[in-house]
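> protein-v6.cif is the file, holding mmCIF, C-alpha atoms:
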data_input
#
loop_
_atom_site.label_atom_id
_atom_site.label_comp_id
_atom_site.auth_asym_id
_atom_site.auth_seq_id
_atom_site.Cartn_x
_atom_site.Cartn_y
_atom_site.Cartn_z
CA MET A 216 -5.50 2.70 17.30
CA ASP A 217 -3.92 5.87 18.60
CA LEU A 218 -0.82 6.39 16.46
CA GLN A 219 1.11 8.41 19.00
CA GLY A 220 4.29 6.47 19.80
CA LYS A 221 3.52 3.66 17.34
CA ALA A 222 5.88 2.23 14.71
CA ALA A 223 4.86 1.83 11.07
CA LEU A 224 6.31 0.37 7.86
CA VAL A 225 5.17 1.84 4.53
CA THR A 226 6.16 0.06 1.32
CA GLY A 227 6.28 2.18 -1.82
CA GLY A 228 6.71 5.16 0.49
CA GLY A 229 8.79 7.17 -1.95
CA SER A 230 5.89 8.74 -3.82
CA GLY A 231 2.14 8.91 -4.33
CA ILE A 232 -0.13 7.20 -1.84
CA GLY A 233 2.81 5.76 0.09
CA ARG A 234 4.45 9.14 0.61
CA ALA A 235 1.19 10.88 1.52
CA THR A 236 0.38 8.16 4.05
CA ALA A 237 3.88 8.14 5.56
CA LEU A 238 3.64 11.90 6.08
CA LEU A 239 0.21 11.61 7.68
CA LEU A 240 1.21 8.76 10.00
CA ALA A 241 4.24 10.73 11.15
CA GLN A 242 2.07 13.80 11.69
CA LYS A 243 -0.14 11.67 13.93
CA GLY A 244 2.85 10.70 16.06
CA ALA A 245 4.05 7.43 14.54
CA SER A 246 7.65 6.60 13.73
CA VAL A 247 7.73 5.55 10.07
CA LEU A 248 10.11 3.31 8.17
CA VAL A 249 9.83 4.27 4.51
CA ALA A 250 10.62 1.38 2.15
CA ASP A 251 11.03 1.88 -1.58
CA ILE A 252 13.03 0.57 -4.52
CA ASP A 253 13.78 4.19 -5.45
CA GLU A 254 16.31 5.40 -2.88
CA THR A 255 16.13 9.04 -3.97
CA ARG A 256 12.36 9.30 -3.66
CA GLY A 257 12.34 7.30 -0.44
CA GLY A 258 15.01 9.50 1.07
CA ASP A 259 13.06 12.59 0.05
CA THR A 260 10.01 11.32 1.95
CA VAL A 261 12.13 10.89 5.08
CA LYS A 262 13.48 14.44 4.68
CA MET A 263 9.93 15.77 4.39
CA ILE A 264 8.93 14.01 7.60
CA ALA A 265 12.05 15.25 9.39
CA SER A 266 11.43 18.82 8.27
CA ALA A 267 7.99 18.58 9.88
CA ARG A 268 9.67 17.35 13.09
CA GLY A 269 8.49 13.79 12.65
CA THR A 270 10.45 10.56 13.07
CA ALA A 271 11.35 8.44 10.05
CA ALA A 272 14.04 6.30 8.47
CA PHE A 273 14.53 4.77 5.04
CA VAL A 274 15.30 1.25 3.88
CA PRO A 275 15.83 0.32 0.20
CA MET A 276 13.54 -2.57 -0.68
CA ASP A 277 12.39 -4.59 -3.66
CA ALA A 278 9.31 -6.25 -2.19
CA THR A 279 9.43 -9.02 -4.81
CA ARG A 280 12.81 -10.29 -3.63
CA GLU A 281 12.84 -13.07 -1.06
CA GLY A 282 13.70 -11.82 2.41
CA GLU A 283 13.46 -8.08 1.68
CA ILE A 284 10.12 -7.57 3.47
CA GLU A 285 11.29 -9.53 6.49
CA LYS A 286 14.48 -7.45 6.59
CA ALA A 287 12.46 -4.23 6.65
CA ILE A 288 10.23 -5.50 9.46
CA ARG A 289 13.30 -6.45 11.49
CA LYS A 290 14.59 -2.90 10.93
CA VAL A 291 11.39 -1.41 12.38
CA VAL A 292 11.69 -3.61 15.46
CA GLU A 293 15.38 -2.76 15.79
CA LEU A 294 14.67 0.98 15.63
CA TRP A 295 11.47 1.27 17.64
CA GLY A 296 10.88 -1.99 19.50
CA LYS A 297 7.92 -3.42 17.59
CA LEU A 298 5.78 -3.17 14.46
CA ASP A 299 2.35 -1.67 15.04
CA VAL A 300 1.26 -0.72 11.51
CA MET A 301 2.07 -2.34 8.16
CA PHE A 302 1.00 -0.58 4.96
CA ASN A 303 1.49 -2.92 1.98
CA ASN A 304 1.29 -0.24 -0.67
CA ALA A 305 3.95 -0.84 -3.34
CA GLY A 306 2.49 -1.62 -6.75
CA ILE A 307 2.87 -1.18 -10.50
CA LEU A 308 0.85 -1.17 -13.71
CA THR A 309 1.48 -3.72 -16.45
CA GLY A 310 2.60 -1.20 -19.08
CA VAL A 311 3.06 -1.81 -22.78
CA PRO A 312 2.44 -3.89 -24.71
CA ALA A 313 -0.97 -4.39 -23.14
CA PHE A 314 -2.24 -7.86 -22.29
CA PRO A 315 -2.53 -10.35 -24.01
CA ASP A 316 0.60 -9.20 -25.86
CA THR A 317 2.52 -8.61 -22.63
CA PRO A 318 5.60 -10.85 -22.21
CA VAL A 319 5.29 -13.37 -19.40
CA GLU A 320 8.17 -11.92 -17.40
CA GLN A 321 6.55 -8.48 -17.53
CA TRP A 322 3.11 -9.44 -16.26
CA SER A 323 4.69 -11.84 -13.76
CA ARG A 324 6.42 -8.84 -12.16
CA VAL A 325 3.01 -7.19 -11.70
CA VAL A 326 1.64 -10.30 -9.99
CA GLN A 327 4.73 -10.59 -7.81
CA LEU A 328 4.64 -6.99 -6.56
CA ASN A 329 0.91 -6.29 -6.44
CA PHE A 330 -0.22 -9.62 -5.00
CA TRP A 331 2.58 -11.94 -3.85
CA ALA A 332 4.33 -9.15 -1.93
CA VAL A 333 1.06 -8.18 -0.24
CA ILE A 334 0.49 -11.76 0.88
CA ARG A 335 4.06 -12.15 2.14
CA GLY A 336 4.06 -8.68 3.69
CA THR A 337 0.86 -9.49 5.54
CA GLN A 338 2.16 -12.87 6.68
CA ALA A 339 5.45 -11.45 7.94
CA ALA A 340 3.70 -8.55 9.68
CA ILE A 341 1.31 -10.92 11.43
CA GLU A 342 4.24 -12.96 12.71
CA SER A 343 5.82 -9.84 14.18
CA MET A 344 2.59 -8.35 15.53
CA LYS A 345 1.48 -11.55 17.27
CA ALA A 346 4.75 -11.52 19.18
CA SER A 347 4.08 -8.00 20.46
CA GLY A 348 0.34 -8.15 21.15
CA GLY A 349 -1.26 -7.10 17.88
CA GLY A 350 -1.38 -4.40 15.23
CA VAL A 351 -2.99 -3.14 12.06
CA ILE A 352 -2.29 -4.04 8.42
CA VAL A 353 -3.62 -2.03 5.48
CA ASN A 354 -3.22 -3.21 1.89
CA THR A 355 -3.54 -1.02 -1.19
CA ALA A 356 -6.09 -2.50 -3.56
CA SER A 357 -8.02 -0.47 -6.14
CA MET A 358 -11.45 0.11 -7.64
CA ALA A 359 -9.98 -2.04 -10.43
CA GLY A 360 -10.18 -4.86 -7.89
CA VAL A 361 -13.85 -4.17 -7.23
CA ASN A 362 -14.90 -3.64 -10.85
CA PRO A 363 -12.97 -5.19 -13.79
CA TRP A 364 -10.63 -2.79 -15.59
CA PRO A 365 -10.18 -3.86 -19.23
CA MET A 366 -7.35 -1.37 -19.81
CA ASP A 367 -5.07 -3.45 -17.55
CA PRO A 368 -6.53 -6.92 -16.86
CA VAL A 369 -3.49 -8.24 -14.97
CA TYR A 370 -3.39 -5.22 -12.66
CA SER A 371 -7.14 -5.58 -12.14
CA ALA A 372 -6.76 -9.27 -11.28
CA THR A 373 -4.05 -8.60 -8.70
CA LYS A 374 -6.09 -5.92 -7.00
CA GLY A 375 -9.16 -8.16 -6.94
CA GLY A 376 -6.98 -10.75 -5.26
CA VAL A 377 -5.92 -8.20 -2.64
CA VAL A 378 -9.56 -7.36 -1.88
CA PHE A 379 -10.61 -10.96 -1.32
CA PHE A 380 -7.40 -11.87 0.50
CA THR A 381 -8.04 -8.98 2.90
CA LYS A 382 -11.68 -9.84 3.48
CA ALA A 383 -10.76 -13.46 4.19
CA LEU A 384 -8.54 -12.34 7.08
CA ALA A 385 -11.23 -10.59 9.14
CA TRP A 386 -11.06 -13.40 11.73
CA LEU A 387 -7.54 -12.36 12.76
CA ALA A 388 -8.97 -9.41 14.69
CA THR A 389 -10.34 -11.73 17.35
CA SER A 390 -7.80 -14.56 17.17
CA ALA A 391 -4.57 -12.51 17.06
CA ASN A 392 -5.58 -8.87 17.69
CA VAL A 393 -4.43 -8.06 14.15
CA ARG A 394 -6.82 -6.08 11.99
CA VAL A 395 -6.37 -6.38 8.20
CA ASN A 396 -8.14 -3.96 5.85
CA CYS A 397 -7.61 -2.58 2.35
CA VAL A 398 -8.16 0.71 0.58
CA CYS A 399 -9.63 0.79 -2.94
CA PRO A 400 -9.09 4.13 -4.67
CA THR A 401 -10.07 4.94 -8.19
CA LEU A 402 -7.51 6.67 -10.45
CA VAL A 403 -5.24 8.86 -8.32
CA GLN A 404 -3.00 11.81 -9.25
CA THR A 405 0.30 9.99 -8.61
CA PRO A 406 3.47 9.13 -10.57
CA LEU A 407 2.06 5.61 -11.05
CA LEU A 408 -0.53 7.13 -13.35
CA SER A 409 1.32 10.11 -14.83
CA ASP A 410 4.46 8.06 -15.58
CA ALA A 411 2.57 5.10 -17.06
CA SER A 412 4.21 3.73 -20.20
CA ASP A 413 0.77 3.01 -21.65
CA ALA A 414 -0.26 6.36 -23.13
CA ARG A 415 -3.96 5.51 -22.80
CA ILE A 416 -3.57 5.16 -19.05
CA ALA A 417 -1.22 8.12 -18.60
CA ASP A 418 -3.77 10.29 -20.39
CA LEU A 419 -6.32 9.50 -17.67
CA GLN A 420 -4.31 11.76 -15.34
CA ARG A 421 -6.21 14.74 -16.72
CA LEU A 422 -9.56 13.15 -15.85
CA THR A 423 -9.08 12.26 -12.19
CA ARG A 424 -9.56 14.64 -9.28
CA LEU A 425 -8.56 12.15 -6.58
CA LYS A 426 -5.33 13.02 -4.78
CA ALA A 427 -2.93 10.88 -2.78
CA ASP A 428 -3.84 12.82 0.36
CA ASP A 429 -7.47 11.70 -0.04
CA VAL A 430 -6.37 8.08 -0.04
CA ALA A 431 -4.01 8.63 2.90
CA ARG A 432 -6.93 9.88 4.99
CA ALA A 433 -8.87 6.72 4.14
CA VAL A 434 -5.88 4.60 5.20
CA LEU A 435 -5.76 6.53 8.47
CA ARG A 436 -9.43 5.74 9.09
CA LEU A 437 -8.76 2.04 8.63
CA ILE A 438 -5.91 2.24 11.12
CA GLU A 439 -7.58 4.36 13.78
CA ASP A 440 -11.03 2.72 13.85
CA ASP A 441 -10.66 -0.35 16.03
CA SER A 442 -14.00 -1.74 14.83
CA LEU A 443 -12.80 -2.28 11.25
CA ALA A 444 -11.44 -5.66 10.16
CA GLY A 445 -11.61 -7.41 6.79
CA LYS A 446 -12.98 -4.25 5.17
CA ALA A 447 -12.41 -2.85 1.67
CA LEU A 448 -12.83 0.93 1.70
CA THR A 449 -13.50 2.57 -1.66
CA VAL A 450 -12.26 6.10 -2.34
CA LEU A 451 -13.74 8.16 -5.17
CA PRO A 452 -13.46 11.92 -5.83
CA GLY A 453 -16.24 14.01 -4.34
CA GLN A 454 -17.72 11.11 -2.38
CA GLU A 455 -17.44 9.86 1.17
CA PRO A 456 -15.40 6.65 1.35
CA ALA A 457 -17.65 3.59 1.43
CA PHE A 458 -17.23 -0.13 2.02
CA ALA A 459 -17.33 -2.45 -0.97
#
What is this file in structure tokens?


Amino acid sequence: MDLQGKAALVTGGGSGIGRATALLLAQKGASVLVADIDETRGGDTVKMIASARGTAAFVPMDATREGEIEKAIRKVVELWGKLDVMFNNAGILTGVPAFPDTPVEQWSRVVQLNFWAVIRGTQAAIESMKASGGGVIVNTASMAGVNPWPMDPVYSATKGGVVFFTKALAWLATSANVRVNCVCPTLVQTPLLSDASDARIADLQRLTRLKADDVARAVLRLIEDDSLAGKALTVLPGQEPAFA
């Protein structure tokens, strides 16, 4: 897909991978709707795109709340006529206390945002894209969804679910002209990691060399390469991205 003149929705676009990808998509000529629960960070991303002479808007969104994803998609269509690219990126870690001591309502929030919202975001995007002739969906998974991560089992489980959910949708490329792929980075230098309430995980910030921009470039590859569908692209520091 050539992104010039296309319209994209990025969830969790206020920081980290979401921000880096929103900036890159805008640089490539797409109009970007930045969605985030944090209005300050989301607004800052839009300002960064505008300062680089790109086109963007912001919508506050809690992807776990019924109807919020659909509302954002309608906003994209209202602004730019159709939805071409959906990046289901918003996600969180489980935090403290670590599982199995985590309260049910706390780990349920992780499942809702990291997995349920990806499924619903994908479903709603497909509905919109089928009406306009097709599009591309990219989901943020993780290396924790490829290999088990004992430090956060619930997070790992949700990301594994995203990987297999994505792979199971490869057939949509031929039936609906909608390509669904996911990106699987290892630990990334983002606020998700540095702000982690679990000190063990936050401390890993000093060990990783992978940056949000590295992941954004992998997302761009999944969008631009029309041959890719149902793929999980791993991103590790110092290595070429590879398919899991």

> Ranking A:Gly376, A:Gly310, A:Gly348, A:Gly228 by minimum distance to Asp259 of chain A and counting all atoms listed in the file, which one comes first?

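Comparing A:Gly376, A:Gly310, A:Gly348, A:Gly228 against Asp259 of chain A, the winner is A:Gly228.
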
> Counting only C-alpha atoms, find the residues whose atoms lie at most 8 Å from (-2.1, 2.3, -19.3) (file coordinates) and write them out as a count of residues only.

15

> Which of these residues is nearest to Asn303 of chain A, using all atoms listed in the file: A:Phe379, A:Trp364, A:Trp386, A:Phe330?

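Nearest to Asn303 of chain A: A:Phe330.
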
> Quick check on the file I pasted: which residues fall under the PyMOL selection byres ((chain A and resi 443) around 10)? Write them as an mmCIF file with C-alpha atoms, keeping the file's coordinate frame.


data_model
loop_
_atom_site.group_PDB
_atom_site.id
_atom_site.type_symbol
_atom_site.label_atom_id
_atom_site.label_comp_id
_atom_site.auth_asym_id
_atom_site.auth_seq_id
_atom_site.Cartn_x
_atom_site.Cartn_y
_atom_site.Cartn_z
ATOM 1 C CA VAL A 351 -2.990 -3.140 12.060
ATOM 2 C CA ALA A 385 -11.230 -10.590 9.140
ATOM 3 C CA ALA A 388 -8.970 -9.410 14.690
ATOM 4 C CA ARG A 394 -6.820 -6.080 11.990
ATOM 5 C CA VAL A 395 -6.370 -6.380 8.200
ATOM 6 C CA ASN A 396 -8.140 -3.960 5.850
ATOM 7 C CA ARG A 436 -9.430 5.740 9.090
ATOM 8 C CA LEU A 437 -8.760 2.040 8.630
ATOM 9 C CA ILE A 438 -5.910 2.240 11.120
ATOM 10 C CA GLU A 439 -7.580 4.360 13.780
ATOM 11 C CA ASP A 440 -11.030 2.720 13.850
ATOM 12 C CA ASP A 441 -10.660 -0.350 16.030
ATOM 13 C CA SER A 442 -14.000 -1.740 14.830
ATOM 14 C CA ALA A 444 -11.440 -5.660 10.160
ATOM 15 C CA GLY A 445 -11.610 -7.410 6.790
ATOM 16 C CA LYS A 446 -12.980 -4.250 5.170
ATOM 17 C CA ALA A 447 -12.410 -2.850 1.670
#

> Expressed in Å to a single decimal, how great is the separation between atom CA of Thr236 of chain A and atom CA of Ala427 of chain A?

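Spanning atom CA of Thr236 of chain A to atom CA of Ala427 of chain A is a straight-line distance of 8.1 Å.
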
> Please, which residues are within 10 Å of (-4.4, 0.4, 1.6) by the file's coordinates, counting only C-alpha atoms, and could they come as a VMD selection string?

chain A and resid 232 to 233 236 301 to 305 352 to 357 377 to 378 395 to 400 430 to 431 433 to 435 437 to 438 447 to 449

> Quick one: distance from atom CA of Val369 of chain A to atom CA of Ala459 of chain A in Å, one decimal?

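Atom CA of Val369 of chain A sits 20.5 Å away from atom CA of Ala459 of chain A.
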
> Write out as CSV the residues of segment 265-380 of chain A that have any atom within 7 Å of an atom of segment 239-252 of chain A, one row each with the nearest atom pair and its distance in Å to one decimal, counting all atoms listed in the file, sorted by chain and then rising number.


residue,atom,partner,partner_atom,distance
A:Gly269,CA,A:Ala241,CA,5.4
A:Thr270,CA,A:Ser246,CA,4.9
A:Ala271,CA,A:Val247,CA,4.6
A:Ala272,CA,A:Leu248,CA,4.9
A:Phe273,CA,A:Val249,CA,4.8
A:Val274,CA,A:Ala250,CA,5.0
A:Pro275,CA,A:Asp251,CA,5.4
A:Met276,CA,A:Ile252,CA,5.0
A:Asp277,CA,A:Ile252,CA,5.3
A:Val291,CA,A:Leu248,CA,6.5

> Given the file shown, determine the residues that the PyMOL selection byres ((chain A and resi 402) around 7) selects; report them as a PyMOL selection string.

chain A and resi 400-401+403-404+423+425

> Name the residues in contact with Met344 of chain A at a cut-off of 7 Å, using only C-alpha atoms, excluding same-chain residues fewer than 4 positions from it; report them as JSON, numbers by chain.

{"A": [298, 299, 340, 348, 349, 350]}

> Please write the residues from the selection above to a file, keeping C-alpha atoms, as a tab-separated table (two decimals), keeping the file's coordinate frame.


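Saved as selection01.tsv:
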chain	number	residue	atom	x	y	z
A	298	LEU	CA	5.78	-3.17	14.46
A	299	ASP	CA	2.35	-1.67	15.04
A	340	ALA	CA	3.70	-8.55	9.68
A	348	GLY	CA	0.34	-8.15	21.15
A	349	GLY	CA	-1.26	-7.10	17.88
A	350	GLY	CA	-1.38	-4.40	15.23

> Hey, which of A:Ala359, A:Lys426, A:Thr381, A:Arg324 ends up closest to Gly453 of chain A? Count only C-alpha atoms.

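The closest residue to Gly453 of chain A is A:Lys426.
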
> So for segment 442-450 of chain A, what box centre and size do we get, axis-aligned, 8 Å extra on each of the six sides, every listed atom, Å to one decimal, as JSON?


{"center_x": -12.7, "center_y": -0.7, "center_z": 6.2, "size_x": 18.6, "size_y": 29.5, "size_z": 33.2}

> Quick check on the file I pasted: which residues fall under the PyMOL selection byres ((chain A and resi 280) around 12)? Write them as a list in words.

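Checked against the file, the PyMOL selection byres ((chain A and resi 280) around 12) matches Ile252, Pro275, Met276, Asp277, Ala278, Thr279, Glu281, Gly282, Glu283, Ile284, Glu285, Lys286, Ala287, Arg324, Gln327, Leu328, Trp331, Ala332, Arg335 and Gly336 of chain A.
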
> Please save C-alpha atoms of the selected residues as a CSV table (one decimal), in the coordinates of the input.


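What ended up in again.csv:
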chain,number,residue,atom,x,y,z
A,252,ILE,CA,13.0,0.6,-4.5
A,275,PRO,CA,15.8,0.3,0.2
A,276,MET,CA,13.5,-2.6,-0.7
A,277,ASP,CA,12.4,-4.6,-3.7
A,278,ALA,CA,9.3,-6.2,-2.2
A,279,THR,CA,9.4,-9.0,-4.8
A,281,GLU,CA,12.8,-13.1,-1.1
A,282,GLY,CA,13.7,-11.8,2.4
A,283,GLU,CA,13.5,-8.1,1.7
A,284,ILE,CA,10.1,-7.6,3.5
A,285,GLU,CA,11.3,-9.5,6.5
A,286,LYS,CA,14.5,-7.4,6.6
A,287,ALA,CA,12.5,-4.2,6.6
A,324,ARG,CA,6.4,-8.8,-12.2
A,327,GLN,CA,4.7,-10.6,-7.8
A,328,LEU,CA,4.6,-7.0,-6.6
A,331,TRP,CA,2.6,-11.9,-3.8
A,332,ALA,CA,4.3,-9.2,-1.9
A,335,ARG,CA,4.1,-12.2,2.1
A,336,GLY,CA,4.1,-8.7,3.7

> Using only C-alpha atoms, pick whichever of A:Thr226, A:Asn392, A:Ser409, A:Ser347 has the shortest atom-to-atom distance to Val292 of chain A.

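The shortest atom-to-atom distance to Val292 of chain A comes from A:Ser347.
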